Each structure stands twice: as C-alpha cells, then as structure tokens.
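Undergrad: Take a look at the following structure, please.
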Amino acid sequence: MRREYRYREGRVDFLLTGGCEPCLVEVKSVTLVENGEARFPDAPSARGARHVAELALACCEGYRAAVIFVVQRGDGGRFTPNDGCDPFFGMALRRVQRGGVEVYALE
C-alpha cells in the first residue's frame, strides 16, 4: 500500500498492489445525514468530481479503481450523492460507476 500516490496531475489517496492489477483508491468522509440518508458532498465539490473522473481514466489504463465513502455518523441508513447540493458531482459519480469505478459506502 502506498499513500498519496501520484497519478497524472494529482494524487490519489492510496495505491494498493498485490492483487491481479493495481488498485487506486480515493476515500471521502461523509458527515451529512438527512432523513436517514448519508450524502456527499455537503458543499459543492469540483475537486471531488475531478477525483472520480481521474479514477475513470485509471480504469481505462488498466487499473482497478474505487472510491470509498466513509459515513461518520450512525444514523445514515443508506448512501446517496447529494444531488441537491452538487448535481455535477452526482452525475460524475454515476457516470464513472457505469464505467467500472467501484463505489463503496462504509459505516
């Protein structure tokens, strides 16, 4: 495992090796919960959308790629992108997931 792995023009939180293919992992902290739904982001996040787009590029280059949303509160029964706050991030996340980026929400 390598932290703050340089990839393209930025850094990814982790590079995991030892499996079939190297895996780039981006971790996002989720602190907003509304009506039992953990939501990310809690403010518009062009940076977050850029991070998931870079993971999609990594998939095209043969990497395995994942984004992990760590829910920091126990009252979030399910995870969803916060489209009301940042619809661009929600669209980007759904697009990259269809393109092979793995999306996980952990409590």
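Chain labels run A, B, ... following the order of the structure tokens; each chain numbers its residues from 1, and ligands are numbered from 1 in the order shown.
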With DSSP run on the backbone, what are the alpha helix (DSSP H) residues within chain A? I'd like them as an MDAnalysis selection string.
TA: chainID A and resid 46:60 87:98
Undergrad: If we count only C-alpha atoms and set the cut-off at 10 Å, which residues sit around A:Gly10, ignoring sequence neighbours fewer than 6 positions away in its own chain? Please answer as a ChimeraX atom specification.
TA: /A:4,50-51,54
Undergrad: Quick one: which stretch 7-67 of chain A residues come within 10 Å of stretch 92-98 of chain A, and what is the nearest atom pair for each with the distance in Å to one decimal, counting only C-alpha atoms, rows ordered by chain and ascending number, as a Markdown table?
TA:
| residue | atom | partner | partner_atom | distance |
| --- | --- | --- | --- | --- |
| A:Gly48 | CA | A:Leu93 | CA | 9.2 |
| A:Ala49 | CA | A:Ala92 | CA | 6.0 |
| A:Arg50 | CA | A:Ala92 | CA | 8.6 |
| A:His51 | CA | A:Leu93 | CA | 9.7 |
| A:Val52 | CA | A:Leu93 | CA | 6.5 |
| A:Ala53 | CA | A:Val96 | CA | 6.7 |
| A:Glu54 | CA | A:Val96 | CA | 9.3 |
| A:Leu55 | CA | A:Val96 | CA | 7.7 |
| A:Ala56 | CA | A:Val96 | CA | 5.5 |
| A:Leu57 | CA | A:Val96 | CA | 9.1 |
| A:Cys59 | CA | A:Val96 | CA | 9.3 |
| A:Ala65 | CA | A:Gln97 | CA | 9.8 |
| A:Ala66 | CA | A:Gln97 | CA | 9.0 |
| A:Val67 | CA | A:Leu93 | CA | 9.2 |
Undergrad: Near A:Tyr5, within 6 Å and counting only C-alpha atoms, which residues show up once chain neighbours fewer than 3 positions away are dropped, as number ranges by chain?
TA: A: 11-12, 14
Undergrad: Which residues are near A:Pro44? Cut-off 9 Å, only C-alpha atoms, ignore same chain within fewer than 3 positions. Put them as a CSV table (one decimal) with C-alpha atoms, in the first residue's frame.
TA:
chain,number,residue,atom,x,y,z
A,41,PRO,CA,-20.7,16.3,-0.7
A,47,ARG,CA,-12.4,18.7,-6.6
A,48,GLY,CA,-14.4,15.6,-5.7
A,85,CYS,CA,-26.1,20.5,-3.3
A,86,ASP,CA,-23.9,19.4,-6.2
A,87,PRO,CA,-25.7,17.8,-9.1
A,88,PHE,CA,-22.4,17.8,-11.2
A,89,PHE,CA,-20.7,15.5,-8.6
Undergrad: So which residues of stretch 6-38 of chain A fall under strand (DSSP E or B) by DSSP, listed as a list in words?
TA: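 In stretch 6-38 of chain A, DSSP puts these residues in strand (DSSP E or B): Arg6, Tyr7, Gly10, Arg11, Val12, Asp13, Phe14, Leu15, Leu16, Cys23, Leu24, Val25, Glu26, Val27, Lys28, Ser29, Val30, Leu32, Val33, Glu34, Glu37 and Ala38 of chain A.
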Undergrad: Measuring between only C-alpha atoms, which one of A:Glu37, A:Cys60, A:Ala46, A:Gly99 shows the shortest distance to A:Thr80?
TA: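 When distances to A:Thr80 are compared using only C-alpha atoms, the smallest one comes from A:Glu37.
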Undergrad: Measuring atom to atom with only C-alpha atoms, identify which of A:Lys28, A:Met91, A:Asn82, A:Tyr63 is nearest to A:Glu107.
TA: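 For A:Glu107, the nearest of the given residues is A:Lys28.
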Undergrad: Would you compute the distance between atom CA of A:Gly19 and atom CA of A:Ala105? Give it in Å to one decimal.
TA: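 Interatomic distance, atom CA of A:Gly19 to atom CA of A:Ala105: 21.6 Å.
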